[in-house]
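Structure file input-v7.txt with compact mmCIF, N, CA and C atoms:
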```txt
# COMPACT_ATOMS: atom_id res chain seq x y z
N LYS K 29 -67.78 -0.23 48.10
CA LYS K 29 -68.39 -0.08 49.41
C LYS K 29 -69.33 1.13 49.45
N LEU K 30 -68.87 2.24 48.87
CA LEU K 30 -69.72 3.44 48.87
C LEU K 30 -70.95 3.26 47.99
N ARG K 31 -70.79 2.54 46.89
CA ARG K 31 -71.93 2.27 46.02
C ARG K 31 -72.97 1.42 46.75
N LYS K 32 -72.52 0.42 47.48
CA LYS K 32 -73.45 -0.43 48.24
C LYS K 32 -74.10 0.39 49.36
N PHE K 33 -73.32 1.24 50.02
CA PHE K 33 -73.87 2.13 51.04
C PHE K 33 -75.01 2.96 50.44
N ALA K 34 -74.76 3.53 49.26
CA ALA K 34 -75.76 4.38 48.59
C ALA K 34 -77.02 3.58 48.25
N ARG K 35 -76.84 2.37 47.76
CA ARG K 35 -78.01 1.53 47.45
C ARG K 35 -78.81 1.22 48.70
N CYS K 36 -78.12 0.93 49.78
CA CYS K 36 -78.80 0.61 51.04
C CYS K 36 -79.59 1.81 51.57
N ILE K 37 -78.99 2.99 51.57
CA ILE K 37 -79.73 4.14 52.12
C ILE K 37 -80.85 4.59 51.18
N GLY K 38 -80.68 4.36 49.87
CA GLY K 38 -81.77 4.68 48.94
C GLY K 38 -82.97 3.79 49.19
N LEU K 39 -82.73 2.50 49.35
CA LEU K 39 -83.81 1.56 49.63
C LEU K 39 -84.37 1.81 51.03
N LEU K 40 -83.49 2.12 51.97
CA LEU K 40 -83.93 2.46 53.32
C LEU K 40 -84.90 3.63 53.30
N PHE K 41 -84.57 4.66 52.53
CA PHE K 41 -85.46 5.82 52.42
C PHE K 41 -86.85 5.38 51.94
N GLN K 42 -86.89 4.52 50.92
CA GLN K 42 -88.18 4.08 50.38
C GLN K 42 -88.97 3.26 51.38
N VAL K 43 -88.31 2.35 52.07
CA VAL K 43 -89.00 1.51 53.05
C VAL K 43 -89.58 2.38 54.17
N VAL K 44 -88.78 3.31 54.68
CA VAL K 44 -89.25 4.20 55.75
C VAL K 44 -90.39 5.07 55.24
N ASP K 45 -90.27 5.57 54.02
CA ASP K 45 -91.34 6.38 53.43
C ASP K 45 -92.64 5.59 53.35
N ASP K 46 -92.55 4.33 52.93
CA ASP K 46 -93.74 3.46 52.87
C ASP K 46 -94.34 3.26 54.25
N ILE K 47 -93.51 3.06 55.25
CA ILE K 47 -93.99 2.86 56.63
C ILE K 47 -94.68 4.13 57.13
N LEU K 48 -94.04 5.26 56.94
CA LEU K 48 -94.61 6.53 57.40
C LEU K 48 -95.95 6.81 56.72
N ASP K 49 -96.07 6.44 55.46
CA ASP K 49 -97.30 6.70 54.72
C ASP K 49 -98.52 6.02 55.35
N VAL K 50 -98.29 4.90 56.02
CA VAL K 50 -99.42 4.19 56.63
C VAL K 50 -99.49 4.34 58.15
N THR K 51 -98.48 4.96 58.76
CA THR K 51 -98.49 5.06 60.23
C THR K 51 -98.60 6.49 60.74
N LYS K 52 -98.47 7.47 59.89
CA LYS K 52 -98.52 8.88 60.31
C LYS K 52 -99.69 9.59 59.63
N SER K 53 -100.11 10.69 60.23
CA SER K 53 -101.19 11.49 59.65
C SER K 53 -100.63 12.45 58.61
N SER K 54 -101.51 13.01 57.80
CA SER K 54 -101.10 14.01 56.81
C SER K 54 -100.43 15.19 57.49
N GLN K 55 -100.96 15.59 58.64
CA GLN K 55 -100.39 16.72 59.37
C GLN K 55 -98.97 16.40 59.85
N GLN K 56 -98.77 15.20 60.35
CA GLN K 56 -97.44 14.80 60.82
C GLN K 56 -96.45 14.72 59.67
N LEU K 57 -96.91 14.24 58.52
CA LEU K 57 -96.03 14.05 57.38
C LEU K 57 -95.77 15.33 56.59
N GLY K 58 -96.72 16.25 56.64
CA GLY K 58 -96.60 17.45 55.81
C GLY K 58 -96.95 17.17 54.37
N LYS K 59 -97.58 16.02 54.14
CA LYS K 59 -98.07 15.64 52.82
C LYS K 59 -99.23 14.68 53.03
N THR K 60 -99.94 14.36 51.99
CA THR K 60 -101.10 13.49 52.10
C THR K 60 -100.68 12.08 52.51
N ALA K 61 -101.15 11.64 53.64
CA ALA K 61 -100.88 10.27 54.11
C ALA K 61 -101.85 9.31 53.44
N GLY K 62 -101.42 8.07 53.28
CA GLY K 62 -102.28 7.04 52.73
C GLY K 62 -102.46 7.07 51.23
N LYS K 63 -101.69 7.92 50.54
CA LYS K 63 -101.80 8.00 49.08
C LYS K 63 -101.49 6.67 48.41
N ASP K 64 -100.51 5.97 48.93
CA ASP K 64 -100.10 4.71 48.32
C ASP K 64 -101.21 3.67 48.42
N LEU K 65 -101.91 3.64 49.55
CA LEU K 65 -103.03 2.71 49.71
C LEU K 65 -104.15 3.02 48.73
N VAL K 66 -104.49 4.30 48.64
CA VAL K 66 -105.56 4.72 47.73
C VAL K 66 -105.21 4.40 46.28
N ALA K 67 -103.94 4.60 45.92
CA ALA K 67 -103.48 4.35 44.55
C ALA K 67 -103.18 2.87 44.32
N ASP K 68 -103.37 2.05 45.35
CA ASP K 68 -103.12 0.61 45.29
C ASP K 68 -101.68 0.29 44.84
N LYS K 69 -100.75 1.11 45.34
CA LYS K 69 -99.33 0.89 45.02
C LYS K 69 -98.79 -0.29 45.81
N VAL K 70 -97.78 -0.92 45.23
CA VAL K 70 -97.09 -1.99 45.93
C VAL K 70 -96.07 -1.33 46.85
N THR K 71 -96.24 -1.56 48.15
CA THR K 71 -95.33 -0.97 49.14
C THR K 71 -94.79 -2.09 50.03
N TYR K 72 -93.72 -1.79 50.76
CA TYR K 72 -93.17 -2.80 51.66
C TYR K 72 -94.17 -3.22 52.73
N PRO K 73 -94.86 -2.28 53.39
CA PRO K 73 -95.86 -2.73 54.37
C PRO K 73 -96.96 -3.61 53.75
N LYS K 74 -97.33 -3.30 52.53
CA LYS K 74 -98.37 -4.10 51.87
C LYS K 74 -97.84 -5.51 51.55
N LEU K 75 -96.57 -5.59 51.17
CA LEU K 75 -96.00 -6.88 50.80
C LEU K 75 -95.62 -7.75 52.01
N ILE K 76 -95.00 -7.13 53.01
CA ILE K 76 -94.46 -7.93 54.11
C ILE K 76 -94.97 -7.52 55.49
N GLY K 77 -95.81 -6.49 55.55
CA GLY K 77 -96.36 -6.03 56.82
C GLY K 77 -95.50 -4.95 57.45
N ILE K 78 -96.09 -4.23 58.40
CA ILE K 78 -95.41 -3.11 59.05
C ILE K 78 -94.20 -3.60 59.85
N GLU K 79 -94.38 -4.62 60.67
CA GLU K 79 -93.29 -5.07 61.54
C GLU K 79 -92.10 -5.58 60.74
N LYS K 80 -92.35 -6.40 59.73
CA LYS K 80 -91.25 -6.90 58.89
C LYS K 80 -90.61 -5.76 58.11
N SER K 81 -91.38 -4.76 57.74
CA SER K 81 -90.83 -3.59 57.05
C SER K 81 -89.89 -2.84 57.98
N ARG K 82 -90.28 -2.69 59.23
CA ARG K 82 -89.41 -2.03 60.22
C ARG K 82 -88.12 -2.83 60.43
N GLU K 83 -88.24 -4.14 60.48
CA GLU K 83 -87.05 -4.99 60.64
C GLU K 83 -86.14 -4.86 59.42
N PHE K 84 -86.73 -4.83 58.23
CA PHE K 84 -85.96 -4.68 57.00
C PHE K 84 -85.24 -3.34 56.98
N ALA K 85 -85.92 -2.29 57.43
CA ALA K 85 -85.30 -0.97 57.49
C ALA K 85 -84.10 -0.99 58.43
N GLU K 86 -84.23 -1.65 59.56
CA GLU K 86 -83.13 -1.75 60.51
C GLU K 86 -81.96 -2.51 59.89
N GLU K 87 -82.26 -3.60 59.18
CA GLU K 87 -81.20 -4.37 58.50
C GLU K 87 -80.49 -3.51 57.45
N LEU K 88 -81.25 -2.74 56.69
CA LEU K 88 -80.65 -1.88 55.68
C LEU K 88 -79.75 -0.83 56.30
N ASN K 89 -80.17 -0.26 57.42
CA ASN K 89 -79.34 0.73 58.11
C ASN K 89 -78.04 0.09 58.59
N LYS K 90 -78.14 -1.08 59.20
CA LYS K 90 -76.94 -1.78 59.67
C LYS K 90 -76.02 -2.13 58.51
N GLU K 91 -76.60 -2.61 57.41
CA GLU K 91 -75.80 -2.98 56.24
C GLU K 91 -75.12 -1.76 55.64
N ALA K 92 -75.83 -0.66 55.57
CA ALA K 92 -75.25 0.58 55.04
C ALA K 92 -74.06 0.99 55.89
N GLN K 93 -74.24 1.00 57.20
CA GLN K 93 -73.17 1.42 58.09
C GLN K 93 -72.00 0.44 58.08
N ALA K 94 -72.28 -0.84 57.87
CA ALA K 94 -71.21 -1.84 57.80
C ALA K 94 -70.28 -1.57 56.62
N GLN K 95 -70.82 -0.98 55.56
CA GLN K 95 -70.00 -0.67 54.39
C GLN K 95 -68.94 0.38 54.70
N LEU K 96 -69.15 1.13 55.75
CA LEU K 96 -68.23 2.22 56.11
C LEU K 96 -67.18 1.79 57.13
N ALA K 97 -67.21 0.53 57.53
CA ALA K 97 -66.33 0.04 58.59
C ALA K 97 -64.85 0.25 58.29
N GLY K 98 -64.43 0.12 57.06
CA GLY K 98 -63.02 0.24 56.72
C GLY K 98 -62.54 1.67 56.53
N PHE K 99 -63.45 2.62 56.59
CA PHE K 99 -63.11 4.02 56.37
C PHE K 99 -62.73 4.70 57.68
N ASP K 100 -62.00 5.79 57.58
CA ASP K 100 -61.70 6.63 58.73
C ASP K 100 -63.02 7.04 59.37
N GLN K 101 -63.21 6.72 60.64
CA GLN K 101 -64.51 6.94 61.29
C GLN K 101 -64.89 8.41 61.38
N GLU K 102 -63.91 9.28 61.49
CA GLU K 102 -64.21 10.71 61.51
C GLU K 102 -64.77 11.18 60.17
N LYS K 103 -64.19 10.65 59.11
CA LYS K 103 -64.67 11.02 57.76
C LYS K 103 -66.00 10.34 57.44
N ALA K 104 -66.21 9.16 58.00
CA ALA K 104 -67.45 8.42 57.75
C ALA K 104 -68.61 8.92 58.60
N ALA K 105 -68.33 9.67 59.66
CA ALA K 105 -69.37 10.11 60.60
C ALA K 105 -70.55 10.81 59.93
N PRO K 106 -70.34 11.72 58.95
CA PRO K 106 -71.50 12.34 58.32
C PRO K 106 -72.38 11.34 57.55
N LEU K 107 -71.76 10.32 56.98
CA LEU K 107 -72.54 9.31 56.25
C LEU K 107 -73.32 8.43 57.23
N ILE K 108 -72.72 8.12 58.35
CA ILE K 108 -73.42 7.35 59.39
C ILE K 108 -74.60 8.16 59.91
N ALA K 109 -74.38 9.46 60.12
CA ALA K 109 -75.47 10.33 60.58
C ALA K 109 -76.59 10.40 59.54
N LEU K 110 -76.22 10.43 58.27
CA LEU K 110 -77.23 10.45 57.20
C LEU K 110 -78.06 9.17 57.22
N ALA K 111 -77.41 8.03 57.34
CA ALA K 111 -78.13 6.75 57.39
C ALA K 111 -79.09 6.72 58.58
N ASN K 112 -78.64 7.18 59.74
CA ASN K 112 -79.51 7.20 60.91
C ASN K 112 -80.66 8.19 60.76
N TYR K 113 -80.38 9.32 60.15
CA TYR K 113 -81.46 10.30 59.91
C TYR K 113 -82.54 9.68 59.03
N ILE K 114 -82.14 9.02 57.97
CA ILE K 114 -83.10 8.38 57.06
C ILE K 114 -83.87 7.30 57.81
N ALA K 115 -83.18 6.50 58.60
CA ALA K 115 -83.82 5.37 59.28
C ALA K 115 -84.82 5.82 60.35
N TYR K 116 -84.51 6.92 61.02
CA TYR K 116 -85.33 7.30 62.18
C TYR K 116 -86.14 8.58 61.98
N ARG K 117 -86.26 9.01 60.72
CA ARG K 117 -87.03 10.23 60.47
C ARG K 117 -88.50 10.00 60.79
N GLU K 118 -89.18 11.07 61.11
CA GLU K 118 -90.59 11.00 61.49
C GLU K 118 -91.53 11.56 60.43
N ASN K 119 -90.96 12.14 59.40
CA ASN K 119 -91.80 12.66 58.30
C ASN K 119 -91.02 12.72 57.02
```
In structure tokens, how does this file's structure come out?
Amino acid sequence: KLRKFARCIGLLFQVVDDILDVTKSSQQLGKTAGKDLVADKVTYPKLIGIEKSREFAEELNKEAQAQLAGFDQEKAAPLIALANYIAYREN
């Protein structure tokens, strides 16, 4: 369960990073925005679009948190907070 949680939040981080790269400015990100487009990298927004990428990110967050359902919720709370931080980060 923890391994699957880790895979989900790792992929979630990448999907959100790809979305932010095309929706935020360099100033907002604190790094050069649009680098992936310029480098012609394969990204989730490029493959499935921004909206589907956002939906996929939401699914990954839900799936990650579902892996923690059987754990003591007090002990799982920091991992749930980590998943939400990754999902809803702005930069």
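Atom C of Phe99 of chain K to atom N of Tyr116 of chain K spans 22.1 Å [interatomic distance, one decimal].
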Query raised in the report: When DSSP works through the backbone of this structure, what residues of chain K end up as alpha helix (DSSP H), shown as a ChimeraX atom specification?
Result: /K:30-51,54-57,63-66,72-76,78-94,101-116
Query - Contact residues around Ala115 of chain K with all atoms listed in the file at 7 Å, ignoring same-chain residues under 3 positions, as a PyMOL selection string - result: chain K and resi 40-41+44+85+89+110-112+118
Query raised in the report: Excluding same-chain residues fewer than 3 positions from Thr51 of chain K, what lies within 9 Å of it counting only C-alpha atoms, as a PyMOL selection string?
Result: chain K and resi 46-48+61-62+78
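When all atoms listed in the file are used to compute distances to Gln93 of chain K, the closest of the residues K:Lys59, K:Ser81, K:Ile108, K:Asp68 turns out to be K:Ile108.
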Show me, as lines of an AutoDock Vina configuration file, the centre and edge lengths in Å to one decimal of the axis-aligned box that covers every listed atom of segment 53-61 of chain K with 6 Å on each side.
```
center_x = -98.8
center_y = 13.4
center_z = 56.4
size_x = 18.1
size_y = 20.1
size_z = 20.8
```
Block slice segment 57-68 of chain K, all heavy atoms, emitted as a compact mmCIF listing (two decimals), in the first residue's frame:
```
# COMPACT_ATOMS: atom_id res chain seq x y z
N LEU K 57 6.40 30.73 -10.80
CA LEU K 57 7.02 29.43 -10.57
C LEU K 57 8.37 29.52 -9.86
O LEU K 57 8.79 28.57 -9.21
CB LEU K 57 7.23 28.69 -11.90
CG LEU K 57 6.00 28.18 -12.62
CD1 LEU K 57 6.37 27.57 -13.96
CD2 LEU K 57 5.25 27.18 -11.76
N GLY K 58 9.05 30.63 -10.04
CA GLY K 58 10.39 30.75 -9.49
C GLY K 58 11.41 30.01 -10.34
O GLY K 58 12.53 29.72 -9.90
N LYS K 59 10.99 29.66 -11.55
CA LYS K 59 11.87 29.01 -12.53
C LYS K 59 11.31 29.34 -13.91
O LYS K 59 10.21 29.88 -14.02
CB LYS K 59 11.95 27.49 -12.31
CG LYS K 59 10.64 26.76 -12.52
CD LYS K 59 10.81 25.26 -12.32
CE LYS K 59 9.52 24.52 -12.68
NZ LYS K 59 9.68 23.08 -12.60
N THR K 60 12.04 29.02 -14.93
CA THR K 60 11.62 29.34 -16.29
C THR K 60 10.38 28.54 -16.67
O THR K 60 10.41 27.31 -16.69
CB THR K 60 12.75 29.06 -17.30
OG1 THR K 60 13.93 29.76 -16.88
CG2 THR K 60 12.36 29.50 -18.69
N ALA K 61 9.31 29.23 -16.96
CA ALA K 61 8.07 28.58 -17.40
C ALA K 61 8.17 28.28 -18.90
O ALA K 61 8.87 28.96 -19.63
CB ALA K 61 6.88 29.48 -17.13
N GLY K 62 7.47 27.25 -19.33
CA GLY K 62 7.41 26.92 -20.75
C GLY K 62 8.63 26.21 -21.29
O GLY K 62 8.73 26.00 -22.50
N LYS K 63 9.55 25.81 -20.41
CA LYS K 63 10.75 25.10 -20.88
C LYS K 63 10.41 23.81 -21.61
O LYS K 63 11.05 23.48 -22.59
CB LYS K 63 11.68 24.75 -19.70
CG LYS K 63 12.47 25.89 -19.15
CD LYS K 63 13.52 25.42 -18.16
CE LYS K 63 12.92 24.55 -17.09
NZ LYS K 63 13.82 24.23 -16.00
N ASP K 64 9.42 23.11 -21.11
CA ASP K 64 9.05 21.83 -21.71
C ASP K 64 8.53 22.01 -23.13
O ASP K 64 8.83 21.21 -24.01
CB ASP K 64 8.01 21.11 -20.85
CG ASP K 64 8.56 20.70 -19.49
OD1 ASP K 64 9.80 20.66 -19.31
OD2 ASP K 64 7.75 20.41 -18.60
N LEU K 65 7.75 23.07 -23.35
CA LEU K 65 7.25 23.35 -24.70
C LEU K 65 8.39 23.67 -25.66
O LEU K 65 8.44 23.15 -26.76
CB LEU K 65 6.28 24.54 -24.66
CG LEU K 65 4.83 24.24 -24.37
CD1 LEU K 65 4.04 25.53 -24.22
CD2 LEU K 65 4.22 23.37 -25.45
N VAL K 66 9.29 24.52 -25.20
CA VAL K 66 10.44 24.92 -26.03
C VAL K 66 11.31 23.71 -26.37
O VAL K 66 11.77 23.56 -27.51
CB VAL K 66 11.28 26.02 -25.33
CG1 VAL K 66 12.56 26.31 -26.09
CG2 VAL K 66 10.45 27.29 -25.19
N ALA K 67 11.49 22.83 -25.39
CA ALA K 67 12.33 21.64 -25.59
C ALA K 67 11.56 20.51 -26.28
O ALA K 67 12.11 19.45 -26.53
CB ALA K 67 12.86 21.15 -24.24
N ASP K 68 10.29 20.76 -26.61
CA ASP K 68 9.42 19.79 -27.26
C ASP K 68 9.34 18.47 -26.48
O ASP K 68 9.32 17.39 -27.06
CB ASP K 68 9.88 19.54 -28.70
CG ASP K 68 8.78 18.92 -29.55
OD1 ASP K 68 7.60 19.22 -29.29
OD2 ASP K 68 9.09 18.13 -30.47
```
